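Trainee: What follows is structure05.cif, made up of mmCIF, C-alpha atoms:
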```cif
data_data
loop_
_atom_site.label_atom_id
_atom_site.label_comp_id
_atom_site.auth_asym_id
_atom_site.auth_seq_id
_atom_site.Cartn_x
_atom_site.Cartn_y
_atom_site.Cartn_z
CA GLU A 1 -34.97 53.20 7.25
CA SER A 2 -31.68 54.96 6.62
CA ILE A 3 -31.47 58.70 6.07
CA PHE A 4 -30.30 59.75 2.62
CA GLU A 5 -29.61 63.19 1.21
CA PHE A 6 -30.69 63.73 -2.40
CA ASP A 7 -28.87 66.18 -4.69
CA PRO A 8 -31.42 67.27 -7.32
CA ALA A 9 -28.70 68.74 -9.55
CA SER A 10 -26.80 65.48 -9.93
CA GLY A 11 -29.61 63.04 -9.20
CA GLN A 12 -27.34 61.30 -6.67
CA SER A 13 -28.22 60.31 -3.13
CA THR A 14 -25.80 59.93 -0.24
CA LYS A 15 -26.45 57.89 2.88
CA ILE A 16 -26.21 60.10 5.97
CA TRP A 17 -27.07 57.56 8.67
CA ASP A 18 -28.13 53.94 9.13
CA PRO A 19 -29.99 53.17 12.38
CA THR A 20 -28.64 49.60 12.55
CA THR A 21 -25.24 51.16 13.34
CA ASP A 22 -26.52 52.44 16.68
CA PHE A 23 -29.70 50.48 17.51
CA THR A 24 -30.74 46.87 17.92
CA PHE A 25 -34.07 45.82 16.46
CA GLU A 26 -35.82 42.80 17.99
CA ASP A 27 -37.39 41.58 14.75
CA ASP A 28 -37.43 42.18 11.00
CA ARG A 29 -39.88 45.08 11.32
CA GLY A 30 -36.99 47.44 12.07
CA GLY A 31 -37.75 50.68 13.83
CA HIS A 32 -40.63 51.89 11.62
CA ALA A 33 -39.11 55.30 10.84
CA ASN A 34 -41.98 57.73 10.44
CA GLN A 35 -40.70 61.32 10.68
CA VAL A 36 -37.42 63.10 10.04
CA ASN A 37 -36.77 66.77 10.87
CA PHE A 38 -33.86 69.18 10.50
CA ILE A 39 -32.96 71.09 13.68
CA PRO A 40 -31.07 74.22 12.56
CA GLU A 41 -29.87 75.30 16.03
CA LEU A 42 -28.18 71.90 16.49
CA ASN A 43 -27.20 71.34 12.84
CA ALA A 44 -28.77 67.93 13.30
CA LEU A 45 -31.54 65.63 12.11
CA SER A 46 -34.11 63.88 14.26
CA LEU A 47 -35.69 60.57 13.28
CA SER A 48 -38.72 58.99 14.96
CA MET A 49 -38.69 55.17 15.18
CA TYR A 50 -42.14 53.98 16.32
CA PHE A 51 -41.46 50.31 17.09
CA ILE A 52 -38.60 51.08 19.49
CA ASN A 53 -40.21 54.20 21.06
CA THR A 54 -37.19 56.31 20.17
CA VAL A 55 -36.32 59.61 18.54
CA ALA A 56 -32.70 59.65 17.38
CA LEU A 57 -30.70 62.88 17.14
CA ILE A 58 -28.07 62.69 14.38
CA SER A 59 -25.38 65.23 13.49
CA TYR A 60 -25.67 66.67 9.99
CA PRO A 61 -23.95 66.06 7.63
CA GLN A 62 -21.56 63.85 9.63
CA GLY A 63 -24.24 61.27 10.45
CA GLN A 64 -23.15 60.55 14.02
CA LEU A 65 -25.67 59.67 16.73
CA LEU A 66 -25.75 62.52 19.24
CA ALA A 67 -28.54 61.26 21.49
CA ALA A 68 -31.47 58.88 21.74
CA PHE A 69 -34.70 60.10 23.31
CA GLY A 70 -36.77 57.24 24.77
CA GLY A 71 -36.57 53.50 24.22
CA ASP A 72 -34.29 50.86 25.66
CA GLU A 73 -31.15 52.62 24.42
CA SER A 74 -32.08 56.13 25.59
CA THR A 75 -29.35 58.60 26.44
CA PHE A 76 -31.68 60.01 29.06
CA PRO A 77 -32.97 57.69 31.81
CA GLY A 78 -36.61 58.31 32.61
CA MET A 79 -37.78 59.18 29.10
CA SER A 80 -40.40 56.68 28.03
CA TRP A 81 -43.61 56.40 26.03
CA ASP A 82 -45.51 53.87 23.95
CA GLY A 83 -45.36 54.60 20.22
CA GLN A 84 -44.66 58.03 18.82
CA HIS A 85 -44.95 59.70 15.46
CA GLY A 86 -44.48 63.45 15.47
CA HIS A 87 -41.87 65.19 17.55
CA ASP A 88 -40.20 68.58 17.85
CA VAL A 89 -36.58 68.73 19.00
CA ARG A 90 -34.95 72.00 20.03
CA ALA A 91 -31.47 72.75 21.42
CA ASP A 92 -32.55 72.02 25.01
CA ARG A 93 -36.07 70.59 24.87
CA VAL A 94 -38.15 68.03 23.02
CA ALA A 95 -41.89 67.48 22.55
CA ILE A 96 -43.13 63.98 21.67
CA PHE A 97 -46.51 63.05 20.16
CA ASN A 98 -47.24 59.83 22.07
CA ASN A 99 -49.86 57.87 20.12
CA ASN A 100 -50.67 55.59 23.07
CA GLY A 101 -50.75 58.20 25.79
CA SER A 102 -52.62 58.61 29.02
CA ASN A 103 -56.28 59.56 29.43
CA GLY A 104 -57.49 57.06 26.83
CA GLY A 105 -55.90 58.76 23.83
CA ALA A 106 -52.77 60.32 22.44
CA SER A 107 -50.71 62.76 24.50
CA VAL A 108 -47.93 65.29 24.16
CA LEU A 109 -44.92 64.73 26.40
CA ARG A 110 -42.46 67.57 26.94
CA PHE A 111 -38.93 67.33 28.33
CA GLN A 112 -36.02 69.67 28.92
CA TYR A 113 -32.66 67.98 28.35
CA ASN A 114 -28.94 68.65 28.68
CA LEU A 115 -26.83 66.76 26.14
CA GLY A 116 -23.55 67.28 27.98
CA ALA A 117 -24.90 66.04 31.31
CA SER A 118 -27.25 63.40 29.82
CA SER A 119 -29.94 64.75 32.12
CA VAL A 120 -33.64 65.27 31.50
CA THR A 121 -36.50 67.02 33.30
CA PRO A 122 -40.12 66.23 32.43
CA LEU A 123 -42.11 69.39 31.57
CA GLY A 124 -45.56 67.85 31.51
CA ASP A 125 -48.02 65.58 29.74
CA TYR A 126 -50.87 67.11 27.72
CA SER A 127 -53.61 64.49 27.56
CA SER A 128 -56.85 65.78 26.08
CA GLY A 129 -58.49 62.41 25.49
CA GLU A 130 -58.29 62.88 21.71
CA ASP A 131 -57.23 59.74 19.89
CA SER A 132 -54.72 59.30 17.07
CA VAL A 133 -53.81 55.67 16.50
CA ALA A 134 -51.76 56.62 13.43
CA PHE A 135 -49.68 59.66 12.56
CA GLY A 136 -50.16 62.77 14.71
CA ASP A 137 -47.71 65.57 15.34
CA VAL A 138 -46.61 68.34 17.70
CA LYS A 139 -44.71 71.51 16.77
CA GLU A 140 -43.59 74.40 18.91
CA LEU A 141 -44.81 77.69 17.43
CA PRO A 142 -42.75 80.92 17.36
CA ASN A 143 -44.86 82.35 20.22
CA GLY A 144 -44.00 79.34 22.46
CA ASN A 145 -47.39 77.66 22.08
CA PHE A 146 -47.74 74.17 20.57
CA HIS A 147 -49.66 73.00 17.52
CA VAL A 148 -50.97 69.45 18.10
CA THR A 149 -52.45 67.45 15.22
CA TYR A 150 -54.61 64.39 15.91
CA SER A 151 -54.63 62.75 12.48
CA SER A 152 -57.16 60.00 13.22
CA THR A 153 -59.84 62.42 14.41
CA SER A 154 -58.97 65.39 12.12
CA THR A 155 -58.57 67.64 15.16
CA ILE A 156 -56.00 70.35 15.87
CA HIS A 157 -55.27 71.83 19.30
CA GLU A 158 -53.20 74.86 20.14
CA ILE A 159 -51.87 74.62 23.68
CA SER A 160 -49.85 77.00 25.82
CA PRO A 161 -46.38 76.22 27.23
CA SER A 162 -48.16 75.42 30.50
CA LEU A 163 -50.27 72.85 28.55
CA GLU A 164 -53.53 74.79 28.67
CA LEU A 165 -55.89 74.27 25.71
CA LEU A 166 -56.21 77.57 23.85
CA ARG A 167 -58.01 76.59 20.66
CA THR A 168 -59.59 73.58 18.95
CA ILE A 169 -60.08 73.22 15.21
CA ASP A 170 -62.15 70.32 13.89
CA THR A 171 -61.72 69.72 10.17
#
```
Represent the structure from my file as structure tokens, please.
Mentor:
Amino acid sequence: ESIFEFDPASGQSTKIWDPTTDFTFEDDRGGHANQVNFIPELNALSLSMYFINTVALISYPQGQLLAAFGGDESTFPGMSWDGQHGHDVRADRVAIFNNNGSNGGASVLRFQYNLGASSVTPLGDYSSGEDSVAFGDVKELPNGNFHVTYSSTSTIHEISPSLELLRTIDT
């Protein structure tokens, strides 16, 4: 579950970060890492770990833990959910695709955070009732809206920053 960087020119890989350095796993399942993203504005990587309900923020290329969103070892008290896959971290906000959300399905949780103050403000919970027991994702679009993918039902929602459903695509 470690993060490695691969150099295609040399064929070599370099370990950037190992989650066991910063997190405790209750059993041999580990954290079930399921998504890694690069956040240019923070020069950091984010890694989703499903079994511990956590998204880790890691400096790049230094490989130092900057913050933990959710889970027992969260940097931000009050951030919690039950199993996430997709996420979108920005310099001052994060969106989480919560597979076991409210309203009988998956949900999108949004938070504004301040790294220096270790403070967080919830920005809402988008719960459409759509289900996605595996995978699923949320991404903030350039216009401020959000693209939500429910993998289990092959459904895509576009929602506004105020969490209003704007469009549904069924594939």
Trainee: Interatomic distance between atom CA of A:Tyr60 and atom CA of A:Ile39?
Mentor: 9.3 Å
Trainee: Of the candidates A:Ala56, A:Leu42, A:Phe97, A:Gly124, which one gets nearest to A:Thr20 if we count all atoms listed in the file?
Mentor: A:Ala56
Trainee: Here is a test: counting all atoms listed in the file, which residue of A:Lys15, A:Val89, A:Asp131, A:Phe6 is nearest to A:Asn43?
Mentor: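 Closest to A:Asn43 of all the choices is A:Val89.
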Trainee: Expand the PyMOL selection byres ((chain A and resi 167) around 6) into the explicit residue set it covers here, and present it as a compact mmCIF listing (two decimals) with C-alpha atoms, keeping the file's coordinate frame.
Mentor:
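As a result, out12.txt now contains:
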```txt
# COMPACT_ATOMS: atom_id res chain seq x y z
CA HIS A 157 -55.27 71.83 19.30
CA GLU A 158 -53.20 74.86 20.14
CA LEU A 165 -55.89 74.27 25.71
CA LEU A 166 -56.21 77.57 23.85
CA THR A 168 -59.59 73.58 18.95
```
Trainee: Quote the spacing between atom CA of A:Gly83 and atom CA of A:Ala44 in Å to one decimal place.
Mentor: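 So the answer is 22.4 Å.
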Trainee: I'd like to know which of A:Glu164, A:Asp82, A:Asp27, A:Glu73 is closest to A:Tyr126, using all atoms listed in the file.
Mentor: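 Closest candidate: A:Glu164.
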Trainee: If the PyMOL selection byres ((chain A and resi 94) around 7) is run on the structure shown, which residues does it catch, given as a ChimeraX atom specification?
Mentor: /A:88-90,93,95-96,110-112
Trainee: Would you kindly translate the PyMOL selection byres ((chain A and resi 72) around 10) into the concrete residues it picks from this file, as a PyMOL selection string?
Mentor: chain A and resi 23-24+52-54+68-71+73-75+77+79-80
Trainee: At what distance in Å, to one decimal, does atom CA of A:Asp92 lie from atom CA of A:Asp22?
Mentor: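 The value is 22.1 Å.
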Trainee: With a distance cut-off of 7 Å and all atoms listed in the file, select the neighbouring residues of A:Asn37, excluding the residue or stretch itself and same-chain residues fewer than 4 positions from it, and output the selection as a ChimeraX atom specification.
Mentor: /A:45-47
Trainee: Print the selection's residues with C-alpha atoms to a file, as a PDB file, in the frame of the given file.
Mentor:
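Output file part.pdb is given in full below:
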```
ATOM      1  CA  LEU A  45     -31.540  65.630  12.110  1.00  0.00           C
ATOM      2  CA  SER A  46     -34.110  63.880  14.260  1.00  0.00           C
ATOM      3  CA  LEU A  47     -35.690  60.570  13.280  1.00  0.00           C
TER       4      LEU A  47
END
```
Trainee: Counting only C-alpha atoms, what is within 10 Å of stretch 148-151 of chain A, bar same-chain residues fewer than 5 positions away, as a count of residues only?
Mentor: 26
Trainee: Pick from A:Thr121, A:Ser127, A:Gln84, A:Ser10: nearest to A:Ser102, with all atoms listed in the file counted?
Mentor: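 The closest residue to A:Ser102 is A:Ser127.
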Trainee: Of the residues A:Gly63, A:Glu1, A:Phe38, A:Thr14, which is the one nearest to A:Tyr50, using only C-alpha atoms?
Mentor: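 Nearest to A:Tyr50: A:Glu1.
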Trainee: For A:Met49, which residue among A:Ser2, A:Ser160, A:Thr153, A:Gly78 is the nearest when counting only C-alpha atoms?
Mentor: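 Of A:Ser2, A:Ser160, A:Thr153, A:Gly78, the one nearest A:Met49, counting only C-alpha atoms, is A:Ser2.
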Trainee: Extract stretch 28-41 of chain A from the coordinates I pasted, and write it as a PDB file, in the first residue's frame (atoms kept: N, CA, C and O atoms).
Mentor:
```pdb
ATOM      1  N   ASP A  28      -4.466  -7.596   9.419  1.00  0.00           N
ATOM      2  CA  ASP A  28      -3.556  -7.756   8.289  1.00  0.00           C
ATOM      3  C   ASP A  28      -4.136  -7.283   6.963  1.00  0.00           C
ATOM      4  O   ASP A  28      -3.491  -7.376   5.936  1.00  0.00           O
ATOM      5  N   ARG A  29      -5.357  -6.739   6.978  1.00  0.00           N
ATOM      6  CA  ARG A  29      -5.931  -6.198   5.743  1.00  0.00           C
ATOM      7  C   ARG A  29      -5.303  -4.871   5.354  1.00  0.00           C
ATOM      8  O   ARG A  29      -5.462  -4.421   4.230  1.00  0.00           O
ATOM      9  N   GLY A  30      -4.614  -4.220   6.271  1.00  0.00           N
ATOM     10  CA  GLY A  30      -4.026  -2.918   5.985  1.00  0.00           C
ATOM     11  C   GLY A  30      -5.095  -1.844   5.876  1.00  0.00           C
ATOM     12  O   GLY A  30      -6.131  -1.914   6.508  1.00  0.00           O
ATOM     13  N   GLY A  31      -4.838  -0.873   5.048  1.00  0.00           N
ATOM     14  CA  GLY A  31      -5.776   0.236   4.897  1.00  0.00           C
ATOM     15  C   GLY A  31      -6.659   0.132   3.679  1.00  0.00           C
ATOM     16  O   GLY A  31      -7.605   0.871   3.541  1.00  0.00           O
ATOM     17  N   HIS A  32      -6.362  -0.798   2.764  1.00  0.00           N
ATOM     18  CA  HIS A  32      -7.060  -0.942   1.486  1.00  0.00           C
ATOM     19  C   HIS A  32      -6.978   0.373   0.712  1.00  0.00           C
ATOM     20  O   HIS A  32      -7.964   1.061   0.469  1.00  0.00           O
ATOM     21  N   ALA A  33      -5.748   0.727   0.309  1.00  0.00           N
ATOM     22  CA  ALA A  33      -5.530   1.924  -0.505  1.00  0.00           C
ATOM     23  C   ALA A  33      -6.257   1.748  -1.826  1.00  0.00           C
ATOM     24  O   ALA A  33      -6.140   0.716  -2.476  1.00  0.00           O
ATOM     25  N   ASN A  34      -7.045   2.770  -2.216  1.00  0.00           N
ATOM     26  CA  ASN A  34      -7.841   2.607  -3.421  1.00  0.00           C
ATOM     27  C   ASN A  34      -7.836   3.801  -4.359  1.00  0.00           C
ATOM     28  O   ASN A  34      -8.439   3.742  -5.412  1.00  0.00           O
ATOM     29  N   GLN A  35      -7.207   4.903  -4.002  1.00  0.00           N
ATOM     30  CA  GLN A  35      -7.077   6.023  -4.931  1.00  0.00           C
ATOM     31  C   GLN A  35      -5.947   6.923  -4.461  1.00  0.00           C
ATOM     32  O   GLN A  35      -5.838   7.226  -3.277  1.00  0.00           O
ATOM     33  N   VAL A  36      -5.116   7.342  -5.409  1.00  0.00           N
ATOM     34  CA  VAL A  36      -4.065   8.315  -5.126  1.00  0.00           C
ATOM     35  C   VAL A  36      -4.184   9.440  -6.146  1.00  0.00           C
ATOM     36  O   VAL A  36      -4.455   9.191  -7.319  1.00  0.00           O
ATOM     37  N   ASN A  37      -4.044  10.678  -5.679  1.00  0.00           N
ATOM     38  CA  ASN A  37      -4.142  11.856  -6.539  1.00  0.00           C
ATOM     39  C   ASN A  37      -2.971  12.787  -6.262  1.00  0.00           C
ATOM     40  O   ASN A  37      -2.458  12.830  -5.139  1.00  0.00           O
ATOM     41  N   PHE A  38      -2.604  13.585  -7.264  1.00  0.00           N
ATOM     42  CA  PHE A  38      -1.623  14.648  -7.088  1.00  0.00           C
ATOM     43  C   PHE A  38      -2.383  15.955  -6.963  1.00  0.00           C
ATOM     44  O   PHE A  38      -3.288  16.240  -7.756  1.00  0.00           O
ATOM     45  N   ILE A  39      -2.042  16.761  -5.953  1.00  0.00           N
ATOM     46  CA  ILE A  39      -2.679  18.050  -5.722  1.00  0.00           C
ATOM     47  C   ILE A  39      -1.649  19.141  -6.013  1.00  0.00           C
ATOM     48  O   ILE A  39      -0.799  19.451  -5.176  1.00  0.00           O
ATOM     49  N   PRO A  40      -1.677  19.705  -7.229  1.00  0.00           N
ATOM     50  CA  PRO A  40      -0.641  20.662  -7.633  1.00  0.00           C
ATOM     51  C   PRO A  40      -0.507  21.865  -6.711  1.00  0.00           C
ATOM     52  O   PRO A  40       0.607  22.290  -6.396  1.00  0.00           O
ATOM     53  N   GLU A  41      -1.643  22.442  -6.254  1.00  0.00           N
ATOM     54  CA  GLU A  41      -1.574  23.655  -5.435  1.00  0.00           C
ATOM     55  C   GLU A  41      -0.940  23.408  -4.065  1.00  0.00           C
ATOM     56  O   GLU A  41      -0.507  24.345  -3.411  1.00  0.00           O
TER      57      GLU A  41
END
```
